[in-house]
>>> print(open('query14.pdb').read())   # PDB, C-alpha atoms and all ligand atoms
ATOM      1  CA  MET A   1       0.000   0.000   0.000
ATOM      2  CA  GLU A   2       1.207   3.490  -0.834
ATOM      3  CA  GLY A   3       2.222   5.607   2.140
ATOM      4  CA  HIS A   4       3.695   3.634   4.945
ATOM      5  CA  TYR A   5       4.263   6.191   7.655
ATOM      6  CA  GLU A   6       7.922   5.269   7.520
ATOM      7  CA  PHE A   7      11.030   7.378   7.614
ATOM      8  CA  ILE A   8      12.156   9.204   4.509
ATOM      9  CA  GLY A   9      15.593  10.128   5.866
ATOM     10  CA  ARG A  10      17.873   7.690   7.592
ATOM     11  CA  PHE A  11      16.858   7.117  11.203
ATOM     12  CA  GLU A  12      19.029   5.051  13.514
ATOM     13  CA  PRO A  13      17.337   4.382  16.856
ATOM     14  CA  VAL A  14      19.506   4.280  19.985
ATOM     15  CA  LEU A  15      18.844   3.896  23.698
ATOM     16  CA  ARG A  16      21.631   6.260  24.684
ATOM     17  CA  PHE A  17      24.243   8.382  22.954
ATOM     18  CA  ALA A  18      27.868   7.268  23.306
ATOM     19  CA  ALA A  19      28.772  10.809  24.369
ATOM     20  CA  PRO A  20      26.568  13.846  25.018
ATOM     21  CA  PRO A  21      25.923  15.555  21.662
ATOM     22  CA  VAL A  22      28.135  18.601  21.236
ATOM     23  CA  ASP A  23      26.158  20.167  18.410
ATOM     24  CA  ALA A  24      22.484  20.982  18.135
ATOM     25  CA  ALA A  25      19.964  18.163  18.546
ATOM     26  CA  TRP A  26      16.302  17.840  17.654
ATOM     27  CA  TRP A  27      14.325  18.251  20.889
ATOM     28  CA  PHE A  28      10.834  16.782  20.867
ATOM     29  CA  ILE A  29       9.343  18.540  23.882
ATOM     30  CA  CYS A  30       5.926  17.192  24.736
ATOM     31  CA  ASP A  31       3.108  17.205  27.246
ATOM     32  CA  GLY A  32       0.382  14.635  26.607
ATOM     33  CA  ALA A  33      -0.389  14.776  22.883
ATOM     34  CA  ARG A  34       0.980  18.308  22.599
ATOM     35  CA  LEU A  35       4.315  19.155  21.049
ATOM     36  CA  LEU A  36       6.443  22.275  21.199
ATOM     37  CA  VAL A  37       6.958  23.559  17.653
ATOM     38  CA  ASN A  38       8.575  26.699  16.336
ATOM     39  CA  ARG A  39       7.653  28.793  13.374
ATOM     40  CA  GLN A  40      10.394  29.305  10.804
ATOM     41  CA  PRO A  41      11.008  32.599   8.988
ATOM     42  CA  ASP A  42       9.217  31.196   5.918
ATOM     43  CA  GLY A  43       6.122  30.375   7.998
ATOM     44  CA  SER A  44       6.638  26.600   8.073
ATOM     45  CA  LEU A  45       6.700  24.699  11.348
ATOM     46  CA  SER A  46       9.607  22.766  12.788
ATOM     47  CA  VAL A  47      10.906  21.347  16.050
ATOM     48  CA  PRO A  48      13.555  23.060  18.221
ATOM     49  CA  LEU A  49      17.058  22.306  16.977
ATOM     50  CA  VAL A  50      19.168  23.460  19.913
ATOM     51  CA  ARG A  51      22.074  22.293  22.041
ATOM     52  CA  GLN A  52      20.374  22.743  25.388
ATOM     53  CA  PRO A  53      16.643  22.396  26.048
ATOM     54  CA  ALA A  54      17.078  24.845  28.958
ATOM     55  CA  TRP A  55      17.290  27.533  26.273
ATOM     56  CA  LEU A  56      13.618  26.962  25.592
ATOM     57  CA  GLY A  57      12.762  28.503  28.978
ATOM     58  CA  LEU A  58      10.270  25.815  30.054
ATOM     59  CA  PRO A  59       9.810  23.711  33.208
ATOM     60  CA  LEU A  60      11.276  20.422  31.936
ATOM     61  CA  ASP A  61      11.046  16.835  33.184
ATOM     62  CA  GLN A  62      14.231  15.405  34.684
ATOM     63  CA  THR A  63      15.054  12.717  32.161
ATOM     64  CA  PRO A  64      15.632  13.359  28.467
ATOM     65  CA  HIS A  65      15.014  10.245  26.374
ATOM     66  CA  PRO A  66      17.508   9.637  23.568
ATOM     67  CA  LEU A  67      15.541   8.503  20.512
ATOM     68  CA  GLY A  68      18.302   8.082  17.936
ATOM     69  CA  TYR A  69      19.966   9.862  15.040
ATOM     70  CA  LEU A  70      18.032  11.363  12.144
ATOM     71  CA  ASP A  71      20.477  11.810   9.273
ATOM     72  CA  GLY A  72      23.226  11.969  11.879
ATOM     73  CA  VAL A  73      21.525  14.530  14.121
ATOM     74  CA  PRO A  74      20.715  13.355  17.671
ATOM     75  CA  CYS A  75      17.038  13.371  18.666
ATOM     76  CA  TYR A  76      15.633  13.570  22.172
ATOM     77  CA  GLY A  77      12.167  13.299  23.651
ATOM     78  CA  LEU A  78      11.527  15.269  26.829
ATOM     79  CA  GLY A  79       8.446  16.119  28.864
ATOM     80  CA  ALA A  80       7.646  19.695  29.879
ATOM     81  CA  ASP A  81       4.798  21.645  31.409
ATOM     82  CA  GLY A  82       2.556  22.453  28.448
ATOM     83  CA  GLY A  83       0.747  25.096  30.482
ATOM     84  CA  VAL A  84       3.793  27.373  30.236
ATOM     85  CA  SER A  85       4.536  29.353  27.072
ATOM     86  CA  PRO A  86       8.056  29.015  25.671
ATOM     87  CA  ALA A  87      10.484  31.936  25.949
ATOM     88  CA  ASP A  88      10.945  31.967  22.166
ATOM     89  CA  PRO A  89       8.141  34.078  20.636
ATOM     90  CA  ASN A  90       8.182  31.764  17.587
ATOM     91  CA  GLY A  91       7.538  28.731  19.783
ATOM     92  CA  GLN A  92       4.089  27.343  20.514
ATOM     93  CA  TRP A  93       2.370  24.236  21.803
ATOM     94  CA  MET A  94       0.280  22.310  19.275
ATOM     95  CA  ASP A  95      -1.666  19.061  19.326
ATOM     96  CA  LEU A  96       0.159  16.442  17.285
ATOM     97  CA  ARG A  97      -3.058  15.656  15.372
ATOM     98  CA  ARG A  98      -2.870  19.114  13.831
ATOM     99  CA  LEU A  99       0.718  18.677  12.717
ATOM    100  CA  PHE A 100       0.354  15.940  10.127
ATOM    101  CA  ASP A 101       1.234  17.577   6.786
ATOM    102  CA  ARG A 102       2.490  20.641   8.653
ATOM    103  CA  LEU A 103       5.676  19.147  10.059
ATOM    104  CA  PRO A 104       8.233  17.394   7.856
ATOM    105  CA  ALA A 105       7.220  13.709   7.806
ATOM    106  CA  ASP A 106      10.279  12.454   9.674
ATOM    107  CA  LEU A 107       9.821  14.986  12.475
ATOM    108  CA  PHE A 108       6.140  14.078  12.733
ATOM    109  CA  LEU A 109       6.996  10.385  13.153
ATOM    110  CA  LEU A 110       9.626  11.137  15.770
ATOM    111  CA  ALA A 111       7.223  13.408  17.621
ATOM    112  CA  GLY A 112       4.781  10.501  17.912
ATOM    113  CA  ARG A 113       7.569   8.315  19.230
ATOM    114  CA  ALA A 114       8.639  10.952  21.760
ATOM    115  CA  ILE A 115       5.076  11.543  22.940
ATOM    116  CA  GLN A 116       4.576   7.850  23.637
ATOM    117  CA  ILE A 117       7.882   7.406  25.460
ATOM    118  CA  VAL A 118       7.451  10.525  27.596
ATOM    119  CA  ALA A 119       3.861   9.582  28.507
ATOM    120  CA  TRP A 120       5.040   6.102  29.453
ATOM    121  CA  ASP A 121       7.874   7.481  31.593
ATOM    122  CA  ARG A 122       5.529   9.834  33.411
ATOM    123  CA  THR A 123       2.887   7.207  34.160
ATOM    124  CA  HIS A 124       5.183   4.294  35.079
ATOM    125  CA  ARG A 125       7.202   5.579  38.005
ATOM    126  CA  TYR A 126       6.556   2.826  40.549
ATOM    127  CA  CYS A 127       6.464  -0.935  40.438
ATOM    128  CA  GLY A 128       2.897  -2.176  39.977
ATOM    129  CA  HIS A 129       3.747  -5.239  42.052
ATOM    130  CA  CYS A 130       5.617  -3.914  45.109
ATOM    131  CA  GLY A 131       5.477  -0.118  44.826
ATOM    132  CA  THR A 132       9.254   0.487  44.670
ATOM    133  CA  ALA A 133      10.444   3.363  42.445
ATOM    134  CA  LEU A 134      11.412   1.977  39.033
ATOM    135  CA  VAL A 135      14.785   2.573  37.346
ATOM    136  CA  PHE A 136      15.609   2.503  33.631
ATOM    137  CA  ALA A 137      16.794  -0.880  32.344
ATOM    138  CA  GLU A 138      20.279  -1.169  30.880
ATOM    139  CA  ASN A 139      19.741  -2.720  27.479
ATOM    140  CA  ASP A 140      16.106  -2.175  26.579
ATOM    141  CA  ARG A 141      13.639   0.679  26.361
ATOM    142  CA  ALA A 142      12.166  -0.511  29.645
ATOM    143  CA  LYS A 143      12.005   0.179  33.357
ATOM    144  CA  GLN A 144      12.902  -2.287  36.054
ATOM    145  CA  CYS A 145      12.043  -2.679  39.719
ATOM    146  CA  PRO A 146      15.264  -2.867  41.800
ATOM    147  CA  ALA A 147      13.413  -4.808  44.517
ATOM    148  CA  CYS A 148      11.451  -7.505  42.658
ATOM    149  CA  SER A 149      12.895  -7.224  39.085
ATOM    150  CA  LEU A 150       9.498  -6.649  37.434
ATOM    151  CA  ARG A 151       9.972  -5.060  34.003
ATOM    152  CA  GLN A 152       7.724  -2.470  32.408
ATOM    153  CA  PHE A 153       7.920  -1.772  28.694
ATOM    154  CA  PRO A 154       6.341   1.203  26.931
ATOM    155  CA  ARG A 155       2.645   0.532  26.481
ATOM    156  CA  LEU A 156       1.425  -0.361  23.013
ATOM    157  CA  ALA A 157      -2.182  -1.239  22.316
ATOM    158  CA  PRO A 158      -2.624  -2.967  18.937
ATOM    159  CA  ALA A 159      -5.913  -2.227  17.208
ATOM    160  CA  VAL A 160      -7.182  -3.592  13.892
ATOM    161  CA  MET A 161      -8.941  -1.627  11.165
ATOM    162  CA  ALA A 162     -11.238  -3.861   9.162
ATOM    163  CA  MET A 163     -12.205  -2.524   5.745
ATOM    164  CA  VAL A 164     -15.018  -4.857   4.639
ATOM    165  CA  VAL A 165     -15.533  -4.882   0.886
ATOM    166  CA  ARG A 166     -18.444  -6.277  -1.170
ATOM    167  CA  GLY A 167     -17.770  -5.876  -4.883
ATOM    168  CA  SER A 168     -17.584  -2.163  -5.578
ATOM    169  CA  GLU A 169     -18.884  -1.263  -2.113
ATOM    170  CA  VAL A 170     -17.211  -0.724   1.211
ATOM    171  CA  LEU A 171     -18.734  -0.980   4.668
ATOM    172  CA  LEU A 172     -18.415   2.277   6.584
ATOM    173  CA  ALA A 173     -19.759   3.102   9.993
ATOM    174  CA  ARG A 174     -20.216   5.928  12.417
ATOM    175  CA  GLY A 175     -19.546   5.775  16.149
ATOM    176  CA  PRO A 176     -21.482   8.016  18.555
ATOM    177  CA  GLU A 177     -18.447  10.320  18.918
ATOM    178  CA  PHE A 178     -18.392  11.039  15.159
ATOM    179  CA  PRO A 179     -20.373  13.961  13.762
ATOM    180  CA  VAL A 180     -23.416  13.001  11.675
ATOM    181  CA  GLY A 181     -22.341  12.404   8.069
ATOM    182  CA  LEU A 182     -18.768  11.403   8.880
ATOM    183  CA  PHE A 183     -18.047   7.703   8.391
ATOM    184  CA  SER A 184     -15.004   5.517   8.912
ATOM    185  CA  ILE A 185     -13.776   1.962   8.814
ATOM    186  CA  LEU A 186     -14.564  -0.435  11.661
ATOM    187  CA  ALA A 187     -11.818  -0.710  14.248
ATOM    188  CA  GLY A 188     -11.196  -2.293  17.604
ATOM    189  CA  PHE A 189      -8.539  -3.249  20.114
ATOM    190  CA  VAL A 190      -6.943  -6.683  20.108
ATOM    191  CA  GLU A 191      -7.745  -8.734  23.190
ATOM    192  CA  PRO A 192      -5.253 -10.881  25.114
ATOM    193  CA  GLY A 193      -4.799 -14.264  23.450
ATOM    194  CA  GLU A 194      -6.321 -13.154  20.163
ATOM    195  CA  THR A 195      -4.767 -13.173  16.687
ATOM    196  CA  LEU A 196      -5.196 -10.110  14.493
ATOM    197  CA  GLU A 197      -7.384 -12.115  12.123
ATOM    198  CA  ALA A 198      -9.633 -13.330  14.934
ATOM    199  CA  CYS A 199      -9.897  -9.760  16.151
ATOM    200  CA  VAL A 200     -11.030  -8.581  12.701
ATOM    201  CA  ARG A 201     -13.754 -11.259  12.581
ATOM    202  CA  ARG A 202     -14.912 -10.580  16.142
ATOM    203  CA  GLU A 203     -15.002  -6.793  15.845
ATOM    204  CA  VAL A 204     -16.910  -6.800  12.566
ATOM    205  CA  TYR A 205     -19.448  -9.303  13.859
ATOM    206  CA  GLU A 206     -19.883  -7.590  17.250
ATOM    207  CA  GLU A 207     -20.236  -4.097  15.854
ATOM    208  CA  VAL A 208     -22.437  -4.681  12.786
ATOM    209  CA  GLY A 209     -23.393  -8.402  12.651
ATOM    210  CA  ILE A 210     -21.447  -9.167   9.470
ATOM    211  CA  PHE A 211     -19.315 -12.232   8.730
ATOM    212  CA  VAL A 212     -16.114 -11.761   6.774
ATOM    213  CA  GLY A 213     -14.186 -14.167   4.550
ATOM    214  CA  PRO A 214     -10.587 -13.978   3.334
ATOM    215  CA  MET A 215      -8.593 -10.987   4.518
ATOM    216  CA  ARG A 216      -5.322  -9.375   3.635
ATOM    217  CA  TYR A 217      -2.960  -7.135   5.587
ATOM    218  CA  LEU A 218      -2.550  -3.707   3.996
ATOM    219  CA  GLY A 219      -0.426  -1.617   6.339
ATOM    220  CA  SER A 220      -0.012  -0.148   9.785
ATOM    221  CA  GLN A 221       0.369   3.167  11.516
ATOM    222  CA  PRO A 222       1.637   4.181  14.943
ATOM    223  CA  TRP A 223      -1.176   6.154  16.563
ATOM    224  CA  PRO A 224       0.198   7.866  19.661
ATOM    225  CA  PHE A 225      -3.176   8.971  21.102
ATOM    226  CA  PRO A 226      -2.101   7.765  23.537
ATOM    227  CA  HIS A 227      -0.381   4.496  22.591
ATOM    228  CA  SER A 228      -2.065   2.549  19.789
ATOM    229  CA  LEU A 229      -0.693   0.727  16.810
ATOM    230  CA  MET A 230      -3.282   0.588  14.027
ATOM    231  CA  ILE A 231      -3.102  -2.512  11.796
ATOM    232  CA  GLY A 232      -5.134  -2.338   8.598
ATOM    233  CA  PHE A 233      -6.856  -5.235   6.814
ATOM    234  CA  VAL A 234      -9.125  -5.502   3.815
ATOM    235  CA  CYS A 235     -11.613  -8.353   4.098
ATOM    236  CA  GLU A 236     -14.378  -9.739   1.938
ATOM    237  CA  TYR A 237     -18.012  -9.761   2.935
ATOM    238  CA  ALA A 238     -19.140 -13.337   3.566
ATOM    239  CA  GLY A 239     -22.680 -13.008   4.942
ATOM    240  CA  GLY A 240     -25.044 -11.424   7.426
ATOM    241  CA  ASP A 241     -27.259  -8.322   7.473
ATOM    242  CA  LEU A 242     -26.039  -4.953   8.652
ATOM    243  CA  GLN A 243     -27.067  -4.486  12.239
ATOM    244  CA  PRO A 244     -25.207  -1.737  14.122
ATOM    245  CA  ASP A 245     -24.828  -2.619  17.809
ATOM    246  CA  GLY A 246     -26.156   0.822  18.808
ATOM    247  CA  VAL A 247     -23.340   1.321  21.303
ATOM    248  CA  GLU A 248     -20.028   1.485  19.481
ATOM    249  CA  ILE A 249     -21.689   1.913  16.098
ATOM    250  CA  VAL A 250     -24.846   3.966  15.648
ATOM    251  CA  GLU A 251     -24.995   3.937  11.844
ATOM    252  CA  ALA A 252     -23.464   1.736   9.149
ATOM    253  CA  ASP A 253     -23.966   1.295   5.429
ATOM    254  CA  TRP A 254     -22.448   0.063   2.182
ATOM    255  CA  PHE A 255     -21.006   2.794  -0.015
ATOM    256  CA  ASP A 256     -20.049   2.615  -3.666
ATOM    257  CA  TYR A 257     -16.461   3.685  -4.373
ATOM    258  CA  ARG A 258     -17.748   6.537  -6.563
ATOM    259  CA  HIS A 259     -19.891   7.979  -3.783
ATOM    260  CA  LEU A 260     -17.987   7.763  -0.535
ATOM    261  CA  PRO A 261     -19.294   9.920   2.317
ATOM    262  CA  ALA A 262     -17.084  12.273   4.351
ATOM    263  CA  HIS A 263     -14.335  10.178   5.915
ATOM    264  CA  PRO A 264     -11.004  10.637   7.752
ATOM    265  CA  SER A 265      -8.082  12.189   5.891
ATOM    266  CA  ALA A 266      -4.969  10.312   4.855
ATOM    267  CA  MET A 267      -3.404  11.317   8.168
ATOM    268  CA  SER A 268      -5.104   8.260   9.588
ATOM    269  CA  LEU A 269      -4.784   4.741   8.331
ATOM    270  CA  ALA A 270      -8.553   4.714   7.658
ATOM    271  CA  GLY A 271      -8.091   7.428   5.051
ATOM    272  CA  LYS A 272      -5.181   5.583   3.471
ATOM    273  CA  LEU A 273      -7.128   2.333   3.291
ATOM    274  CA  LEU A 274     -10.040   4.083   1.571
ATOM    275  CA  THR A 275      -7.705   5.687  -0.963
ATOM    276  CA  HIS A 276      -6.398   2.202  -1.672
ATOM    277  CA  PHE A 277      -9.964   0.868  -2.016
ATOM    278  CA  VAL A 278     -10.963   3.564  -4.510
ATOM    279  CA  ALA A 279      -7.818   3.059  -6.608
ATOM    280  CA  ASP A 280      -8.375  -0.692  -6.622
ATOM    281  CA  CYS A 281     -12.028  -0.302  -7.703
ATOM    282  CA  GLU A 282     -11.137   2.182 -10.440
ATOM    283  CA  GLN A 283      -8.792  -0.398 -11.844
ATOM    284  CA  ARG A 284     -11.416  -3.154 -11.700
ATOM    285  CA  PHE A 285     -14.631  -1.289 -12.491
ATOM    286  CA  GLY A 286     -13.496   1.894 -14.236
ATOM    287  CA  SER A 287     -13.081   5.394 -12.955
ATOM    288  CA  SER A 288     -16.321   7.003 -14.163
TER     289      SER A 288
HETATM  290 ZN    ZN B 301       8.727  -4.433  42.425
END
>>> encode(input="query14.pdb", output="structure tokens")
Amino acid sequence: MEGHYEFIGRFEPVLRFAAPPVDAAWWFICDGARLLVNRQPDGSLSVPLVRQPAWLGLPLDQTPHPLGYLDGVPCYGLGADGGVSPADPNGQWMDLRRLFDRLPADLFLLAGRAIQIVAWDRTHRYCGHCGTALVFAENDRAKQCPACSLRQFPRLAPAVMAMVVRGSEVLLARGPEFPVGLFSILAGFVEPGETLEACVRREVYEEVGIFVGPMRYLGSQPWPFPHSLMIGFVCEYAGGDLQPDGVEIVEADWFDYRHLPAHPSAMSLAGKLLTHFVADCEQRFGSS
């Protein structure tokens, strides 16, 4: 599938830098889903490229998280108090959702990574088993309890997107949180012990009463709101009548590829999957 949400430049992830960077580094300063960005002279947005985050004039968390090198430039994630405005008049806090297409793609991806790591660090300070303060593990992106050795890794919640297709039609649905008229692809979180394929079948059946046949993996997207990994499938309709569950889905219908309703942009995997669906149908059924 076109568009993989992968790096364009060369990114080399590291857990720590061999020596503290002497030149400027990319600093991904975040608070929840918000990121500190700065406006460039040409009006575009970027991320602070500075030697010391203290220069930003913000109350910062204690621990910077080395992320790796982007085209040789060190990258850090670091938490800060998003209620405080930066000293730099060109700096501002923005929600990461608003930065897709506004930040260079590589910086956007790294911002999502930083946001997830910082949120994990802030919410996993004590051992869930014995209550001792956790310390960072040596060789993994993990925290460890010095008393009972319990390990905590950054949280990742895999979720499937199931694009159900019937000929030239696609099944789209609306959850109660969506505005009327805006439809998307069915999605749901993977449960413990479940395969991705079983999750696709279960979610589609639970939410709209439809059975699906063969399915195919199309692509994935990190979704740091707050810690999901979206995994996209296309699957064929195999039976059943549309029956929205009324809780997670309040409206669902089949839509012809030439008449799709309002749907999410290509920032989200749902938008990318639908673009793929339309292109595939145009090839099979014609573009008029
Ligand atoms: Zn413990």
>>> residues_near_ligand(input="query14.pdb", ligand="ligand ZN 301 (chain B)", cutoff="12 Å", atoms="only C-alpha atoms and all ligand atoms", output="list in words")
His124, Arg125, Tyr126, Cys127, Gly128, His129, Cys130, Gly131, Thr132, Ala133, Leu134, Val135, Lys143, Gln144, Cys145, Pro146, Ala147, Cys148, Ser149, Leu150, Arg151 and Gln152 of chain A
>>> write_last_selection(input="query14.pdb", atoms="C-alpha atoms", output="PDB file, in the coordinates of the input")
ATOM      1  CA  HIS A 124       5.183   4.294  35.079  1.00  0.00           C
ATOM      2  CA  ARG A 125       7.202   5.579  38.005  1.00  0.00           C
ATOM      3  CA  TYR A 126       6.556   2.826  40.549  1.00  0.00           C
ATOM      4  CA  CYS A 127       6.464  -0.935  40.438  1.00  0.00           C
ATOM      5  CA  GLY A 128       2.897  -2.176  39.977  1.00  0.00           C
ATOM      6  CA  HIS A 129       3.747  -5.239  42.052  1.00  0.00           C
ATOM      7  CA  CYS A 130       5.617  -3.914  45.109  1.00  0.00           C
ATOM      8  CA  GLY A 131       5.477  -0.118  44.826  1.00  0.00           C
ATOM      9  CA  THR A 132       9.254   0.487  44.670  1.00  0.00           C
ATOM     10  CA  ALA A 133      10.444   3.363  42.445  1.00  0.00           C
ATOM     11  CA  LEU A 134      11.412   1.977  39.033  1.00  0.00           C
ATOM     12  CA  VAL A 135      14.785   2.573  37.346  1.00  0.00           C
ATOM     13  CA  LYS A 143      12.005   0.179  33.357  1.00  0.00           C
ATOM     14  CA  GLN A 144      12.902  -2.287  36.054  1.00  0.00           C
ATOM     15  CA  CYS A 145      12.043  -2.679  39.719  1.00  0.00           C
ATOM     16  CA  PRO A 146      15.264  -2.867  41.800  1.00  0.00           C
ATOM     17  CA  ALA A 147      13.413  -4.808  44.517  1.00  0.00           C
ATOM     18  CA  CYS A 148      11.451  -7.505  42.658  1.00  0.00           C
ATOM     19  CA  SER A 149      12.895  -7.224  39.085  1.00  0.00           C
ATOM     20  CA  LEU A 150       9.498  -6.649  37.434  1.00  0.00           C
ATOM     21  CA  ARG A 151       9.972  -5.060  34.003  1.00  0.00           C
ATOM     22  CA  GLN A 152       7.724  -2.470  32.408  1.00  0.00           C
TER      23      GLN A 152
END
>>> residues_around(input="query14.pdb", residues="Leu171 of chain A", least_positions_apart="3", cutoff="8 Å", atoms="all atoms listed in the file", output="list of chain:residue names")
A:Met163, A:Val164, A:Val165, A:Arg166, A:Ile185, A:Ala252, A:Asp253, A:Trp254, A:Phe255
>>> residues_around(input="query14.pdb", residues="Pro158 of chain A", least_positions_apart="6", cutoff="6 Å", atoms="only C-alpha atoms", output="VMD selection string")
chain A and resid 190 228 to 229
>>> atom_distance(input="query14.pdb", atom1="atom CA of Val47 of chain A", atom2="atom CA of Gln221 of chain A")
21.5 Å
>>> resolve_selection(input="query14.pdb", expression="the PyMOL selection byres (((chain A and resi 97) around 9) and not hetatm)", output="JSON, numbers by chain")
{"A": [33, 34, 94, 95, 96, 98, 99, 100, 225, 267]}
>>> atom_distance(input="query14.pdb", atom1="atom CA of Pro20 of chain A", atom2="atom CA of Gly72 of chain A")
13.7 Å
>>> residues_around(input="query14.pdb", residues="Val73 of chain A", least_positions_apart="5", cutoff="10 Å", atoms="all atoms listed in the file", output="CSV table (one decimal) with C-alpha atoms, keeping the file's coordinate frame")
chain,number,residue,atom,x,y,z
A,11,PHE,CA,16.9,7.1,11.2
A,12,GLU,CA,19.0,5.1,13.5
A,21,PRO,CA,25.9,15.6,21.7
A,23,ASP,CA,26.2,20.2,18.4
A,24,ALA,CA,22.5,21.0,18.1
A,25,ALA,CA,20.0,18.2,18.5
A,26,TRP,CA,16.3,17.8,17.7
A,49,LEU,CA,17.1,22.3,17.0
A,68,GLY,CA,18.3,8.1,17.9
>>> atom_distance(input="query14.pdb", atom1="atom CA of Ser168 of chain A", atom2="atom CA of Asp280 of chain A")
9.4 Å
>>> closest_residue(input="query14.pdb", among="A:Val278, A:Leu107, A:Leu182, A:Leu56", to="Pro89 of chain A", atoms="all atoms listed in the file")
A:Leu56
>>> residues_around(input="query14.pdb", residues="Ala262 of chain A", least_positions_apart="2", cutoff="7 Å", atoms="only C-alpha atoms", output="VMD selection string")
chain A and resid 181 to 183 260
>>> closest_residue(input="query14.pdb", among="A:Tyr205, A:Tyr217, A:Trp120, A:Phe28", to="Val50 of chain A", atoms="only C-alpha atoms")
A:Phe28
>>> closest_residue(input="query14.pdb", among="A:Pro13, A:Pro86, A:Pro264, A:Gly209", to="Leu242 of chain A", atoms="only C-alpha atoms")
A:Gly209
>>> closest_residue(input="query14.pdb", among="A:Ala173, A:Leu60, A:Leu110, A:Cys75", to="Tyr5 of chain A", atoms="all atoms listed in the file")
A:Leu110
>>> build_atoms(input="query14.pdb", residues="segment 210-224 of chain A", atoms="N, CA and C atoms", output="PDB file, keeping the file's coordinate frame")
ATOM      1  N   ILE A 210     -21.865  -8.682  10.791  1.00  0.00           N
ATOM      2  CA  ILE A 210     -21.447  -9.167   9.470  1.00  0.00           C
ATOM      3  C   ILE A 210     -20.334 -10.218   9.621  1.00  0.00           C
ATOM      4  N   PHE A 211     -20.390 -11.236   8.780  1.00  0.00           N
ATOM      5  CA  PHE A 211     -19.315 -12.232   8.730  1.00  0.00           C
ATOM      6  C   PHE A 211     -18.364 -11.871   7.593  1.00  0.00           C
ATOM      7  N   VAL A 212     -17.079 -12.056   7.834  1.00  0.00           N
ATOM      8  CA  VAL A 212     -16.114 -11.761   6.774  1.00  0.00           C
ATOM      9  C   VAL A 212     -15.357 -13.019   6.376  1.00  0.00           C
ATOM     10  N   GLY A 213     -14.930 -13.041   5.091  1.00  0.00           N
ATOM     11  CA  GLY A 213     -14.186 -14.167   4.550  1.00  0.00           C
ATOM     12  C   GLY A 213     -12.695 -13.874   4.539  1.00  0.00           C
ATOM     13  N   PRO A 214     -12.033 -14.163   3.404  1.00  0.00           N
ATOM     14  CA  PRO A 214     -10.587 -13.978   3.334  1.00  0.00           C
ATOM     15  C   PRO A 214     -10.205 -12.518   3.606  1.00  0.00           C
ATOM     16  N   MET A 215      -9.060 -12.352   4.239  1.00  0.00           N
ATOM     17  CA  MET A 215      -8.593 -10.987   4.518  1.00  0.00           C
ATOM     18  C   MET A 215      -7.116 -10.864   4.187  1.00  0.00           C
ATOM     19  N   ARG A 216      -6.697  -9.628   4.031  1.00  0.00           N
ATOM     20  CA  ARG A 216      -5.322  -9.375   3.635  1.00  0.00           C
ATOM     21  C   ARG A 216      -4.825  -8.143   4.391  1.00  0.00           C
ATOM     22  N   TYR A 217      -3.595  -8.260   4.895  1.00  0.00           N
ATOM     23  CA  TYR A 217      -2.960  -7.135   5.587  1.00  0.00           C
ATOM     24  C   TYR A 217      -2.578  -6.059   4.589  1.00  0.00           C
ATOM     25  N   LEU A 218      -2.874  -4.799   4.917  1.00  0.00           N
ATOM     26  CA  LEU A 218      -2.550  -3.707   3.996  1.00  0.00           C
ATOM     27  C   LEU A 218      -1.508  -2.734   4.517  1.00  0.00           C
ATOM     28  N   GLY A 219      -1.403  -2.572   5.813  1.00  0.00           N
ATOM     29  CA  GLY A 219      -0.426  -1.617   6.339  1.00  0.00           C
ATOM     30  C   GLY A 219      -0.744  -1.252   7.780  1.00  0.00           C
ATOM     31  N   SER A 220       0.170  -0.497   8.383  1.00  0.00           N
ATOM     32  CA  SER A 220      -0.012  -0.148   9.785  1.00  0.00           C
ATOM     33  C   SER A 220       0.416   1.284  10.027  1.00  0.00           C
ATOM     34  N   GLN A 221       0.034   1.792  11.172  1.00  0.00           N
ATOM     35  CA  GLN A 221       0.369   3.167  11.516  1.00  0.00           C
ATOM     36  C   GLN A 221       0.470   3.314  13.035  1.00  0.00           C
ATOM     37  N   PRO A 222       1.595   3.847  13.516  1.00  0.00           N
ATOM     38  CA  PRO A 222       1.637   4.181  14.943  1.00  0.00           C
ATOM     39  C   PRO A 222       0.632   5.289  15.208  1.00  0.00           C
ATOM     40  N   TRP A 223      -0.126   5.176  16.262  1.00  0.00           N
ATOM     41  CA  TRP A 223      -1.176   6.154  16.563  1.00  0.00           C
ATOM     42  C   TRP A 223      -1.010   6.553  18.027  1.00  0.00           C
ATOM     43  N   PRO A 224      -0.220   7.574  18.273  1.00  0.00           N
ATOM     44  CA  PRO A 224       0.198   7.866  19.661  1.00  0.00           C
ATOM     45  C   PRO A 224      -0.837   8.632  20.476  1.00  0.00           C
TER      46      PRO A 224
END
